[in-house]
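Structure file input-v5.txt; described as compact mmCIF, N, CA and C atoms and all ligand atoms.
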# COMPACT_ATOMS: atom_id res chain seq x y z
N MET A 270 -79.55 -49.63 -130.96
CA MET A 270 -78.63 -48.50 -131.16
C MET A 270 -79.15 -47.25 -130.44
N LYS A 271 -78.23 -46.47 -129.89
CA LYS A 271 -78.63 -45.26 -129.18
C LYS A 271 -79.13 -44.20 -130.15
N LYS A 272 -80.24 -43.59 -129.82
CA LYS A 272 -80.79 -42.56 -130.71
C LYS A 272 -80.03 -41.26 -130.49
N VAL A 273 -79.49 -40.73 -131.57
CA VAL A 273 -78.69 -39.51 -131.48
C VAL A 273 -79.38 -38.39 -132.24
N ARG A 274 -79.49 -37.26 -131.60
CA ARG A 274 -80.09 -36.13 -132.32
C ARG A 274 -79.05 -35.03 -132.44
N LYS A 275 -78.64 -34.77 -133.66
CA LYS A 275 -77.62 -33.75 -133.94
C LYS A 275 -76.39 -33.90 -133.05
N GLY A 276 -75.94 -35.12 -132.82
CA GLY A 276 -74.71 -35.33 -132.06
C GLY A 276 -74.87 -35.52 -130.57
N VAL A 277 -76.05 -35.37 -130.02
CA VAL A 277 -76.27 -35.63 -128.59
C VAL A 277 -77.25 -36.80 -128.47
N GLU A 278 -76.92 -37.71 -127.56
CA GLU A 278 -77.80 -38.86 -127.38
C GLU A 278 -79.12 -38.43 -126.75
N GLU A 279 -80.16 -39.03 -127.24
CA GLU A 279 -81.52 -38.76 -126.75
C GLU A 279 -81.59 -38.88 -125.21
N GLU A 280 -80.92 -39.92 -124.70
CA GLU A 280 -80.91 -40.17 -123.25
C GLU A 280 -80.29 -38.98 -122.49
N GLN A 281 -79.19 -38.46 -123.03
CA GLN A 281 -78.53 -37.30 -122.41
C GLN A 281 -79.42 -36.08 -122.48
N ILE A 282 -80.11 -35.93 -123.59
CA ILE A 282 -81.02 -34.79 -123.77
C ILE A 282 -82.11 -34.83 -122.69
N ARG A 283 -82.69 -36.01 -122.53
CA ARG A 283 -83.77 -36.18 -121.54
C ARG A 283 -83.25 -35.90 -120.12
N ARG A 284 -82.04 -36.39 -119.86
CA ARG A 284 -81.43 -36.19 -118.55
C ARG A 284 -81.22 -34.70 -118.29
N LEU A 285 -80.69 -34.00 -119.27
CA LEU A 285 -80.42 -32.57 -119.10
C LEU A 285 -81.71 -31.77 -118.92
N ILE A 286 -82.71 -32.09 -119.72
CA ILE A 286 -83.98 -31.38 -119.59
C ILE A 286 -84.59 -31.63 -118.21
N GLY A 287 -84.52 -32.86 -117.75
CA GLY A 287 -85.05 -33.22 -116.43
C GLY A 287 -84.35 -32.44 -115.32
N GLU A 288 -83.03 -32.37 -115.40
CA GLU A 288 -82.26 -31.64 -114.37
C GLU A 288 -82.54 -30.15 -114.44
N ALA A 289 -82.68 -29.63 -115.65
CA ALA A 289 -82.97 -28.19 -115.82
C ALA A 289 -84.35 -27.86 -115.25
N CYS A 290 -85.31 -28.76 -115.44
CA CYS A 290 -86.66 -28.55 -114.90
C CYS A 290 -86.63 -28.53 -113.38
N LYS A 291 -85.84 -29.42 -112.81
CA LYS A 291 -85.73 -29.48 -111.33
C LYS A 291 -85.10 -28.19 -110.81
N ALA A 292 -84.04 -27.75 -111.47
CA ALA A 292 -83.35 -26.53 -111.06
C ALA A 292 -84.28 -25.32 -111.18
N ARG A 293 -85.08 -25.33 -112.23
CA ARG A 293 -86.01 -24.21 -112.46
C ARG A 293 -86.96 -24.01 -111.27
N ARG A 294 -87.33 -25.10 -110.64
CA ARG A 294 -88.24 -25.00 -109.49
C ARG A 294 -87.60 -24.23 -108.34
N ARG A 295 -86.29 -24.15 -108.34
CA ARG A 295 -85.59 -23.44 -107.27
C ARG A 295 -85.23 -22.01 -107.66
N ALA A 296 -85.72 -21.55 -108.81
CA ALA A 296 -85.40 -20.19 -109.28
C ALA A 296 -85.82 -19.16 -108.24
N TYR A 297 -84.99 -18.13 -108.12
CA TYR A 297 -85.35 -17.01 -107.26
C TYR A 297 -85.74 -15.87 -108.20
N ALA A 298 -87.04 -15.76 -108.45
CA ALA A 298 -87.51 -14.78 -109.43
C ALA A 298 -88.75 -14.03 -108.92
N PRO A 299 -88.62 -13.38 -107.74
CA PRO A 299 -89.81 -12.71 -107.18
C PRO A 299 -90.22 -11.47 -107.96
N TYR A 300 -89.35 -10.93 -108.80
CA TYR A 300 -89.68 -9.69 -109.52
C TYR A 300 -90.30 -9.96 -110.88
N SER A 301 -89.67 -10.80 -111.66
CA SER A 301 -90.23 -11.09 -112.99
C SER A 301 -91.23 -12.25 -112.93
N ARG A 302 -91.11 -13.08 -111.92
CA ARG A 302 -91.91 -14.31 -111.82
C ARG A 302 -91.66 -15.23 -113.01
N PHE A 303 -90.55 -15.01 -113.68
CA PHE A 303 -90.19 -15.81 -114.84
C PHE A 303 -89.05 -16.75 -114.43
N ARG A 304 -89.39 -18.01 -114.26
CA ARG A 304 -88.40 -18.95 -113.75
C ARG A 304 -87.69 -19.70 -114.88
N VAL A 305 -86.38 -19.78 -114.73
CA VAL A 305 -85.56 -20.43 -115.77
C VAL A 305 -84.65 -21.47 -115.11
N GLY A 306 -84.49 -22.60 -115.78
CA GLY A 306 -83.57 -23.64 -115.30
C GLY A 306 -82.59 -24.02 -116.41
N ALA A 307 -81.38 -24.36 -116.01
CA ALA A 307 -80.38 -24.78 -116.99
C ALA A 307 -79.59 -25.96 -116.44
N ALA A 308 -79.13 -26.81 -117.34
CA ALA A 308 -78.27 -27.94 -116.94
C ALA A 308 -77.23 -28.12 -118.03
N VAL A 309 -75.97 -28.12 -117.61
CA VAL A 309 -74.88 -28.23 -118.57
C VAL A 309 -74.17 -29.58 -118.39
N LEU A 310 -73.83 -30.18 -119.52
CA LEU A 310 -73.16 -31.50 -119.51
C LEU A 310 -71.69 -31.31 -119.85
N SER A 311 -70.81 -31.75 -118.94
CA SER A 311 -69.38 -31.59 -119.20
C SER A 311 -68.86 -32.79 -119.99
N LYS A 312 -67.69 -32.62 -120.58
CA LYS A 312 -67.12 -33.69 -121.42
C LYS A 312 -66.95 -34.99 -120.66
N ASP A 313 -66.69 -34.89 -119.34
CA ASP A 313 -66.51 -36.10 -118.55
C ASP A 313 -67.83 -36.68 -118.02
N GLY A 314 -68.95 -36.18 -118.53
CA GLY A 314 -70.24 -36.79 -118.23
C GLY A 314 -70.98 -36.25 -117.01
N ARG A 315 -70.42 -35.22 -116.38
CA ARG A 315 -71.11 -34.67 -115.21
C ARG A 315 -72.13 -33.61 -115.62
N VAL A 316 -73.14 -33.44 -114.78
CA VAL A 316 -74.18 -32.45 -115.06
C VAL A 316 -74.20 -31.41 -113.94
N PHE A 317 -74.23 -30.14 -114.33
CA PHE A 317 -74.27 -29.04 -113.36
C PHE A 317 -75.48 -28.18 -113.68
N VAL A 318 -76.16 -27.76 -112.61
CA VAL A 318 -77.41 -27.03 -112.85
C VAL A 318 -77.34 -25.59 -112.37
N GLY A 319 -78.30 -24.81 -112.83
CA GLY A 319 -78.42 -23.42 -112.39
C GLY A 319 -79.84 -22.94 -112.57
N CYS A 320 -80.21 -21.92 -111.79
CA CYS A 320 -81.52 -21.28 -111.97
C CYS A 320 -81.27 -19.78 -111.94
N ASN A 321 -82.23 -19.00 -112.40
CA ASN A 321 -82.00 -17.56 -112.36
C ASN A 321 -82.12 -17.03 -110.93
N VAL A 322 -81.28 -16.06 -110.63
CA VAL A 322 -81.23 -15.47 -109.29
C VAL A 322 -81.40 -13.96 -109.45
N GLU A 323 -82.58 -13.49 -109.08
CA GLU A 323 -82.88 -12.06 -109.25
C GLU A 323 -82.46 -11.25 -108.03
N ASN A 324 -82.55 -9.93 -108.20
CA ASN A 324 -82.15 -9.04 -107.11
C ASN A 324 -83.04 -7.81 -107.12
N ALA A 325 -83.24 -7.22 -105.93
CA ALA A 325 -84.05 -6.00 -105.82
C ALA A 325 -83.44 -4.88 -106.66
N SER A 326 -82.13 -4.94 -106.83
CA SER A 326 -81.46 -4.05 -107.77
C SER A 326 -81.43 -4.83 -109.08
N TYR A 327 -82.48 -4.68 -109.88
CA TYR A 327 -82.79 -5.59 -110.99
C TYR A 327 -81.60 -5.98 -111.87
N GLY A 328 -80.74 -5.00 -112.15
CA GLY A 328 -79.63 -5.24 -113.07
C GLY A 328 -78.62 -6.28 -112.57
N LEU A 329 -78.71 -6.61 -111.30
CA LEU A 329 -77.77 -7.59 -110.74
C LEU A 329 -78.23 -9.03 -110.94
N THR A 330 -79.40 -9.18 -111.53
CA THR A 330 -79.93 -10.52 -111.79
C THR A 330 -78.95 -11.37 -112.59
N VAL A 331 -78.86 -12.64 -112.23
CA VAL A 331 -78.00 -13.56 -112.99
C VAL A 331 -78.89 -14.63 -113.62
N CYS A 332 -78.64 -14.88 -114.90
CA CYS A 332 -79.44 -15.88 -115.63
C CYS A 332 -79.06 -17.30 -115.20
N ALA A 333 -79.99 -18.22 -115.41
CA ALA A 333 -79.79 -19.63 -115.05
C ALA A 333 -78.57 -20.24 -115.74
N GLU A 334 -78.35 -19.89 -116.99
CA GLU A 334 -77.23 -20.47 -117.75
C GLU A 334 -75.90 -20.09 -117.11
N ARG A 335 -75.79 -18.82 -116.71
CA ARG A 335 -74.52 -18.38 -116.14
C ARG A 335 -74.30 -18.96 -114.75
N VAL A 336 -75.39 -19.18 -114.03
CA VAL A 336 -75.26 -19.83 -112.71
C VAL A 336 -74.78 -21.27 -112.92
N ALA A 337 -75.33 -21.95 -113.93
CA ALA A 337 -74.93 -23.34 -114.20
C ALA A 337 -73.45 -23.40 -114.59
N ILE A 338 -73.02 -22.49 -115.43
CA ILE A 338 -71.61 -22.47 -115.86
C ILE A 338 -70.71 -22.18 -114.65
N GLY A 339 -71.09 -21.22 -113.83
CA GLY A 339 -70.30 -20.89 -112.64
C GLY A 339 -70.19 -22.08 -111.70
N ASN A 340 -71.28 -22.78 -111.56
CA ASN A 340 -71.33 -23.98 -110.72
C ASN A 340 -70.37 -25.04 -111.26
N ALA A 341 -70.41 -25.24 -112.57
CA ALA A 341 -69.54 -26.25 -113.21
C ALA A 341 -68.06 -25.86 -113.06
N ILE A 342 -67.75 -24.63 -113.34
CA ILE A 342 -66.35 -24.18 -113.27
C ILE A 342 -65.84 -24.34 -111.83
N THR A 343 -66.67 -23.99 -110.88
CA THR A 343 -66.29 -24.11 -109.48
C THR A 343 -65.95 -25.55 -109.10
N GLN A 344 -66.62 -26.49 -109.78
CA GLN A 344 -66.37 -27.90 -109.47
C GLN A 344 -65.37 -28.56 -110.42
N GLY A 345 -64.66 -27.73 -111.15
CA GLY A 345 -63.53 -28.22 -111.94
C GLY A 345 -63.82 -28.62 -113.37
N ALA A 346 -65.05 -28.45 -113.83
CA ALA A 346 -65.36 -28.77 -115.23
C ALA A 346 -65.06 -27.55 -116.10
N ARG A 347 -64.51 -27.79 -117.26
CA ARG A 347 -64.13 -26.66 -118.13
C ARG A 347 -64.65 -26.78 -119.55
N GLU A 348 -64.95 -28.01 -119.94
CA GLU A 348 -65.37 -28.21 -121.33
C GLU A 348 -66.75 -28.82 -121.35
N PHE A 349 -67.60 -28.27 -122.20
CA PHE A 349 -68.99 -28.70 -122.18
C PHE A 349 -69.48 -29.19 -123.54
N VAL A 350 -70.33 -30.17 -123.45
CA VAL A 350 -70.86 -30.80 -124.65
C VAL A 350 -72.22 -30.20 -125.01
N ALA A 351 -73.02 -29.95 -123.99
CA ALA A 351 -74.38 -29.48 -124.24
C ALA A 351 -74.94 -28.74 -123.03
N ILE A 352 -75.91 -27.88 -123.30
CA ILE A 352 -76.64 -27.23 -122.21
C ILE A 352 -78.13 -27.27 -122.54
N ALA A 353 -78.95 -27.55 -121.55
CA ALA A 353 -80.39 -27.50 -121.74
C ALA A 353 -80.92 -26.29 -120.98
N VAL A 354 -81.83 -25.57 -121.61
CA VAL A 354 -82.45 -24.40 -120.99
C VAL A 354 -83.96 -24.60 -121.03
N VAL A 355 -84.57 -24.35 -119.89
CA VAL A 355 -86.01 -24.59 -119.78
C VAL A 355 -86.73 -23.41 -119.14
N TYR A 356 -87.80 -22.99 -119.76
CA TYR A 356 -88.75 -22.08 -119.10
C TYR A 356 -90.13 -22.35 -119.65
N SER A 357 -91.11 -21.75 -119.03
CA SER A 357 -92.48 -22.02 -119.43
C SER A 357 -92.94 -20.99 -120.46
N ALA A 358 -93.00 -21.42 -121.70
CA ALA A 358 -93.46 -20.55 -122.78
C ALA A 358 -93.90 -21.45 -123.92
N ARG A 359 -94.56 -20.86 -124.91
CA ARG A 359 -95.01 -21.70 -126.02
C ARG A 359 -93.81 -22.15 -126.86
N ARG A 360 -92.88 -21.21 -127.01
CA ARG A 360 -91.68 -21.50 -127.80
C ARG A 360 -90.60 -22.09 -126.88
N GLU A 361 -89.75 -22.93 -127.41
CA GLU A 361 -88.67 -23.53 -126.63
C GLU A 361 -87.70 -22.43 -126.15
N ALA A 362 -87.16 -22.63 -124.94
CA ALA A 362 -86.31 -21.63 -124.29
C ALA A 362 -85.00 -21.39 -125.04
N VAL A 363 -84.63 -20.13 -125.17
CA VAL A 363 -83.34 -19.79 -125.77
C VAL A 363 -82.52 -18.98 -124.78
N PRO A 364 -81.20 -19.17 -124.77
CA PRO A 364 -80.37 -18.34 -123.89
C PRO A 364 -80.28 -16.91 -124.42
N CYS A 365 -80.22 -15.95 -123.52
CA CYS A 365 -80.09 -14.55 -123.96
C CYS A 365 -78.71 -14.34 -124.57
N GLY A 366 -78.54 -13.20 -125.21
CA GLY A 366 -77.27 -12.92 -125.89
C GLY A 366 -76.06 -12.95 -124.97
N ALA A 367 -76.21 -12.38 -123.78
CA ALA A 367 -75.09 -12.36 -122.83
C ALA A 367 -74.69 -13.79 -122.46
N CYS A 368 -75.66 -14.64 -122.23
CA CYS A 368 -75.36 -16.04 -121.87
C CYS A 368 -74.72 -16.78 -123.03
N ARG A 369 -75.15 -16.48 -124.24
CA ARG A 369 -74.53 -17.15 -125.41
C ARG A 369 -73.04 -16.85 -125.42
N GLN A 370 -72.69 -15.61 -125.14
CA GLN A 370 -71.27 -15.24 -125.13
C GLN A 370 -70.52 -15.96 -124.01
N VAL A 371 -71.14 -16.06 -122.86
CA VAL A 371 -70.49 -16.76 -121.73
C VAL A 371 -70.32 -18.25 -122.06
N LEU A 372 -71.32 -18.86 -122.67
CA LEU A 372 -71.24 -20.27 -123.05
C LEU A 372 -70.14 -20.47 -124.08
N ARG A 373 -70.01 -19.54 -124.98
CA ARG A 373 -69.03 -19.62 -126.06
C ARG A 373 -67.59 -19.74 -125.53
N GLU A 374 -67.36 -19.14 -124.39
CA GLU A 374 -66.04 -19.20 -123.76
C GLU A 374 -65.60 -20.64 -123.50
N PHE A 375 -66.59 -21.49 -123.24
CA PHE A 375 -66.29 -22.87 -122.82
C PHE A 375 -66.72 -23.93 -123.82
N GLY A 376 -66.95 -23.55 -125.04
CA GLY A 376 -67.32 -24.55 -126.06
C GLY A 376 -68.21 -23.98 -127.14
N GLY A 377 -67.57 -23.37 -128.12
CA GLY A 377 -68.31 -22.72 -129.22
C GLY A 377 -69.19 -23.68 -129.99
N GLU A 378 -68.82 -24.96 -129.93
CA GLU A 378 -69.59 -25.94 -130.70
C GLU A 378 -70.56 -26.74 -129.84
N MET A 379 -70.74 -26.32 -128.58
CA MET A 379 -71.64 -27.11 -127.73
C MET A 379 -73.08 -27.06 -128.28
N TYR A 380 -73.84 -28.06 -127.89
CA TYR A 380 -75.24 -28.11 -128.32
C TYR A 380 -76.10 -27.37 -127.31
N VAL A 381 -77.03 -26.60 -127.83
CA VAL A 381 -77.98 -25.89 -126.97
C VAL A 381 -79.33 -26.58 -127.15
N ILE A 382 -79.80 -27.16 -126.07
CA ILE A 382 -81.09 -27.84 -126.10
C ILE A 382 -82.12 -26.87 -125.55
N SER A 383 -82.96 -26.40 -126.42
CA SER A 383 -84.00 -25.44 -126.03
C SER A 383 -85.25 -26.23 -125.73
N ALA A 384 -85.74 -26.10 -124.49
CA ALA A 384 -86.89 -26.93 -124.11
C ALA A 384 -88.01 -26.12 -123.47
N THR A 385 -89.19 -26.69 -123.51
CA THR A 385 -90.31 -26.13 -122.77
C THR A 385 -90.49 -27.00 -121.52
N THR A 386 -91.25 -26.50 -120.56
CA THR A 386 -91.47 -27.30 -119.36
C THR A 386 -92.28 -28.55 -119.67
N ARG A 387 -92.90 -28.56 -120.84
CA ARG A 387 -93.70 -29.74 -121.22
C ARG A 387 -92.88 -30.78 -121.98
N GLY A 388 -91.58 -30.49 -122.12
CA GLY A 388 -90.70 -31.49 -122.72
C GLY A 388 -90.48 -31.38 -124.21
N LYS A 389 -91.11 -30.37 -124.82
CA LYS A 389 -90.86 -30.14 -126.25
C LYS A 389 -89.47 -29.52 -126.36
N TYR A 390 -88.69 -29.93 -127.31
CA TYR A 390 -87.36 -29.35 -127.40
C TYR A 390 -86.81 -29.30 -128.82
N ARG A 391 -85.78 -28.48 -129.00
CA ARG A 391 -85.02 -28.50 -130.24
C ARG A 391 -83.55 -28.35 -129.92
N VAL A 392 -82.71 -28.89 -130.79
CA VAL A 392 -81.27 -28.88 -130.55
C VAL A 392 -80.58 -28.06 -131.64
N ARG A 393 -79.73 -27.14 -131.20
CA ARG A 393 -78.95 -26.35 -132.14
C ARG A 393 -77.53 -26.21 -131.65
N ARG A 394 -76.64 -25.90 -132.55
CA ARG A 394 -75.26 -25.61 -132.16
C ARG A 394 -75.19 -24.18 -131.66
N LEU A 395 -74.35 -23.97 -130.63
CA LEU A 395 -74.17 -22.61 -130.13
C LEU A 395 -73.66 -21.69 -131.25
N SER A 396 -72.78 -22.25 -132.10
CA SER A 396 -72.23 -21.44 -133.19
C SER A 396 -73.31 -20.97 -134.17
N ASP A 397 -74.45 -21.66 -134.21
CA ASP A 397 -75.56 -21.19 -135.06
C ASP A 397 -76.35 -20.10 -134.36
N LEU A 398 -76.32 -20.13 -133.02
CA LEU A 398 -77.05 -19.11 -132.26
C LEU A 398 -76.21 -17.85 -132.06
N LEU A 399 -74.89 -18.00 -132.24
CA LEU A 399 -73.98 -16.87 -132.05
C LEU A 399 -72.90 -16.90 -133.15
N PRO A 400 -73.32 -16.61 -134.37
CA PRO A 400 -72.35 -16.69 -135.47
C PRO A 400 -71.32 -15.57 -135.42
N GLY A 401 -70.14 -15.85 -135.93
CA GLY A 401 -69.09 -14.82 -136.01
C GLY A 401 -68.70 -14.27 -134.66
N SER A 402 -68.70 -15.14 -133.66
CA SER A 402 -68.52 -14.65 -132.28
C SER A 402 -67.09 -14.28 -131.92
N PHE A 403 -66.98 -13.50 -130.89
CA PHE A 403 -65.69 -13.07 -130.33
C PHE A 403 -65.23 -14.08 -129.29
N GLY A 404 -63.93 -14.40 -129.31
CA GLY A 404 -63.41 -15.34 -128.32
C GLY A 404 -61.98 -15.04 -127.95
N GLY A 405 -61.45 -15.83 -127.04
CA GLY A 405 -60.09 -15.64 -126.53
C GLY A 405 -59.01 -15.66 -127.61
N GLU A 406 -59.26 -16.41 -128.70
CA GLU A 406 -58.27 -16.49 -129.80
C GLU A 406 -57.95 -15.09 -130.31
N GLU A 407 -58.96 -14.26 -130.36
CA GLU A 407 -58.81 -12.89 -130.86
C GLU A 407 -57.74 -12.13 -130.08
N LEU A 408 -57.71 -12.35 -128.79
CA LEU A 408 -56.79 -11.61 -127.91
C LEU A 408 -55.34 -12.07 -128.09
N ARG A 409 -55.18 -13.27 -128.65
CA ARG A 409 -53.83 -13.82 -128.79
C ARG A 409 -53.22 -13.55 -130.16
N GLU A 410 -53.95 -12.85 -131.04
CA GLU A 410 -53.46 -12.56 -132.40
C GLU A 410 -52.20 -11.73 -132.36
N1 LIG A 501 -83.33 -15.29 -117.79
C1 LIG A 501 -82.52 -16.39 -117.69
O1 LIG A 501 -82.31 -16.94 -116.59
N2 LIG A 501 -81.95 -16.87 -118.83
C2 LIG A 501 -82.14 -16.34 -120.07
O2 LIG A 501 -81.49 -16.77 -121.02
C3 LIG A 501 -83.13 -15.28 -120.25
C4 LIG A 501 -83.58 -14.58 -119.02
C5 LIG A 501 -83.96 -14.77 -116.56
C6 LIG A 501 -83.40 -13.47 -116.07
C7 LIG A 501 -84.57 -12.91 -115.28
O3 LIG A 501 -84.52 -13.41 -113.96
C8 LIG A 501 -85.80 -13.49 -115.96
O4 LIG A 501 -85.33 -14.55 -116.77
C9 LIG A 501 -86.55 -12.49 -116.82
O5 LIG A 501 -85.70 -11.89 -117.73

Go through the file and emit its structure as C-alpha cells.
Ligand code: THU
Amino acid sequence: MKKVRKGVEEEQIRRLIGEACKARRRAYAPYSRFRVGAAVLSKDGRVFVGCNVENASYGLTVCAERVAIGNAITQGAREFVAIAVVYSARREAVPCGACRQVLREFGGEMYVISATTRGKYRVRRLSDLLPGSFGGEELRE
C-alpha cells in the first residue's frame, strides 16, 4: 500500500522535495545569499518549479514559491495539490506571508511541505498556515 502522509503520498512528497532542491541550486540570490527552491504539484500530476530571484533594487525580489506558481500558471495549470519549499536552515522551510496569500488563490487546502535541504520535512495544510484568509469569494458577496 502507498504510504500517505496527511493526504499526500510519500512518493509525491519525495519527488517534490527533490525538484525543489534542484531548483534551489539555480536561485539568483547574490544579495541575501539565501537560496530557496519550490516545487508545486498540480491536480493533473505535473510539477512546476521556482527559485528566488533577487534584484539590486531589493524590494523587487520574487520568492521561489511565487516563481513556481507563475511558471505553473503560464503552462496552463490552475489547481494545486501540494507545494514543497526548501532552504538550508535548522527548521523546515516555511513560505512567507505574501506567498501564503498567493498560494491561497489557487488552493486554500493545498498541502505545504516544509523541508530542509537534508530532507527533513513536515506537512501542513495551507489553511492552517493562513487561517481566516481573504479570497476571491469575498469579492463576489
Ligand atoms: N524567500 C523566498 O524565496 N521564499 C520565502 O518564502 C521566504 C524568502 C527569499 C526571498 C529572498 O531572496 C531571500 O529568500 C531572503 O529573504

Inset, instruction - Find the distance between atom CA of Ala298 of chain A and atom C3 of ligand LIG 501 (chain A) and write it in Å to one decimal. - result: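 Atom C3 of ligand LIG 501 (chain A) lies at a distance of 11.7 Å from atom CA of Ala298 of chain A.
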
Inset, instruction - With only C-alpha atoms and all ligand atoms counted, collect every polymer residue having an atom within 7 Å of ligand LIG 501 (chain A); state the result as a ChimeraX atom specification. - result: /A:298,301,303-306,320-323,330-334,363-365,368

Quick one: everything within 7 Å of Ala353 of chain A, counting all atoms listed in the file, minus sequence neighbours fewer than 4 positions away in the same chain. Send it as a PDB file with N, CA and C atoms, in the coordinates of the input.
ATOM      1  N   LEU A 285     -80.690 -34.000-119.270  1.00  0.00           N
ATOM      2  CA  LEU A 285     -80.420 -32.570-119.100  1.00  0.00           C
ATOM      3  C   LEU A 285     -81.710 -31.770-118.920  1.00  0.00           C
ATOM      4  N   ILE A 286     -82.710 -32.090-119.720  1.00  0.00           N
ATOM      5  CA  ILE A 286     -83.980 -31.380-119.590  1.00  0.00           C
ATOM      6  C   ILE A 286     -84.590 -31.630-118.210  1.00  0.00           C
ATOM      7  N   ALA A 289     -82.680 -29.630-115.650  1.00  0.00           N
ATOM      8  CA  ALA A 289     -82.970 -28.190-115.820  1.00  0.00           C
ATOM      9  C   ALA A 289     -84.350 -27.860-115.250  1.00  0.00           C
ATOM     10  N   GLY A 306     -84.490 -22.600-115.780  1.00  0.00           N
ATOM     11  CA  GLY A 306     -83.570 -23.640-115.300  1.00  0.00           C
ATOM     12  C   GLY A 306     -82.590 -24.020-116.410  1.00  0.00           C
ATOM     13  N   ALA A 307     -81.380 -24.360-116.010  1.00  0.00           N
ATOM     14  CA  ALA A 307     -80.380 -24.780-116.990  1.00  0.00           C
ATOM     15  C   ALA A 307     -79.590 -25.960-116.440  1.00  0.00           C
ATOM     16  N   ALA A 308     -79.130 -26.810-117.340  1.00  0.00           N
ATOM     17  CA  ALA A 308     -78.270 -27.940-116.940  1.00  0.00           C
ATOM     18  C   ALA A 308     -77.230 -28.120-118.030  1.00  0.00           C
ATOM     19  N   VAL A 309     -75.970 -28.120-117.610  1.00  0.00           N
ATOM     20  CA  VAL A 309     -74.880 -28.230-118.570  1.00  0.00           C
ATOM     21  C   VAL A 309     -74.170 -29.580-118.390  1.00  0.00           C
ATOM     22  N   LEU A 310     -73.830 -30.180-119.520  1.00  0.00           N
ATOM     23  CA  LEU A 310     -73.160 -31.500-119.510  1.00  0.00           C
ATOM     24  C   LEU A 310     -71.690 -31.310-119.850  1.00  0.00           C
ATOM     25  N   TYR A 380     -73.840 -28.060-127.890  1.00  0.00           N
ATOM     26  CA  TYR A 380     -75.240 -28.110-128.320  1.00  0.00           C
ATOM     27  C   TYR A 380     -76.100 -27.370-127.310  1.00  0.00           C
ATOM     28  N   VAL A 381     -77.030 -26.600-127.830  1.00  0.00           N
ATOM     29  CA  VAL A 381     -77.980 -25.890-126.970  1.00  0.00           C
ATOM     30  C   VAL A 381     -79.330 -26.580-127.150  1.00  0.00           C
ATOM     31  N   ILE A 382     -79.800 -27.160-126.070  1.00  0.00           N
ATOM     32  CA  ILE A 382     -81.090 -27.840-126.100  1.00  0.00           C
ATOM     33  C   ILE A 382     -82.120 -26.870-125.550  1.00  0.00           C
ATOM     34  N   SER A 383     -82.960 -26.400-126.420  1.00  0.00           N
ATOM     35  CA  SER A 383     -84.000 -25.440-126.030  1.00  0.00           C
ATOM     36  C   SER A 383     -85.250 -26.230-125.730  1.00  0.00           C
ATOM     37  N   ALA A 384     -85.740 -26.100-124.490  1.00  0.00           N
ATOM     38  CA  ALA A 384     -86.890 -26.930-124.110  1.00  0.00           C
ATOM     39  C   ALA A 384     -88.010 -26.120-123.470  1.00  0.00           C
TER      40      ALA A 384
END

Inset, instruction - Write out as a PyMOL selection string all residues of chain A that backbone DSSP assigns to helix (DSSP H, G or I). - result: chain A and resi 279-293+327-329+333-343+366-373+395-398+405-408

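When only C-alpha atoms are used to compute distances to Ala351 of chain A, the closest of the residues A:Cys290, A:Val318, A:Val277, A:Leu329 turns out to be A:Val277.
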
Adding 5 Å on each side of the box along x, y and z that holds all listed atoms of segment 292-301 of chain A, could you give its centre and edge lengths in Å to one decimal, as lines of an AutoDock Vina configuration file?
center_x = -87.3
center_y = -18.7
center_z = -110.1
size_x = 17.9
size_y = 28.1
size_z = 15.8

Inset, instruction - Take atom CA of Lys389 of chain A and atom N of Ala362 of chain A and report the distance between them in Å, one decimal. - result: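 If I compute the distance from atom CA of Lys389 of chain A to atom N of Ala362 of chain A, I get 8.5 Å.
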
Inset, instruction - Return as a PyMOL selection string the full set of residues in chain A whose backbone-based DSSP assignment is strand (DSSP E). - result: chain A and resi 273-274+277-278+305-311+316-320+349-356+380-385+390-394

Inset, instruction - Give me, please, the distance in Å between atom N of Tyr327 of chain A and atom CA of Arg295 of chain A, quoted to one decimal. - result: 19.2 Å

Inset, instruction - Please provide the set of residues having any atom within 6 Å of Met379 of chain A, restricted to all atoms listed in the file, with same-chain residues fewer than 6 positions apart removed, written as a PyMOL selection string. - result: chain A and resi 349-352+393-396

Legend entry - Residue among A:Gly377, A:Lys272, A:Gln281, A:Arg293 lying closest to Asp397 of chain A, counting all atoms listed in the file: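 Among the listed residues, A:Gly377 lies closest to Asp397 of chain A.
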
Inset, instruction - Tell me, as a list of chain:residue names, which residues lie within 8 Å of segment 402-409 of chain A, counting only N, CA and C atoms; anything in the same chain fewer than 6 positions away does not count. - result: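 Returned residues: A:Gln370, A:Arg373, A:Glu374, A:Ser396.
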
Produce a file of the selected residues containing N, CA and C atoms, as a PDB file, keeping the file's coordinate frame.
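Once everything was written out, this is out.pdb:
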ATOM      1  N   GLN A 370     -72.690 -15.610-125.140  1.00  0.00           N
ATOM      2  CA  GLN A 370     -71.270 -15.240-125.130  1.00  0.00           C
ATOM      3  C   GLN A 370     -70.520 -15.960-124.010  1.00  0.00           C
ATOM      4  N   ARG A 373     -70.010 -19.540-124.980  1.00  0.00           N
ATOM      5  CA  ARG A 373     -69.030 -19.620-126.060  1.00  0.00           C
ATOM      6  C   ARG A 373     -67.590 -19.740-125.530  1.00  0.00           C
ATOM      7  N   GLU A 374     -67.360 -19.140-124.390  1.00  0.00           N
ATOM      8  CA  GLU A 374     -66.040 -19.200-123.760  1.00  0.00           C
ATOM      9  C   GLU A 374     -65.600 -20.640-123.500  1.00  0.00           C
ATOM     10  N   SER A 396     -72.780 -22.250-132.100  1.00  0.00           N
ATOM     11  CA  SER A 396     -72.230 -21.440-133.190  1.00  0.00           C
ATOM     12  C   SER A 396     -73.310 -20.970-134.170  1.00  0.00           C
TER      13      SER A 396
END

Legend entry - Residue among A:Ala292, A:Val392, A:Glu378, A:Leu399 lying closest to Glu279 of chain A, counting only C-alpha atoms: A:Val392
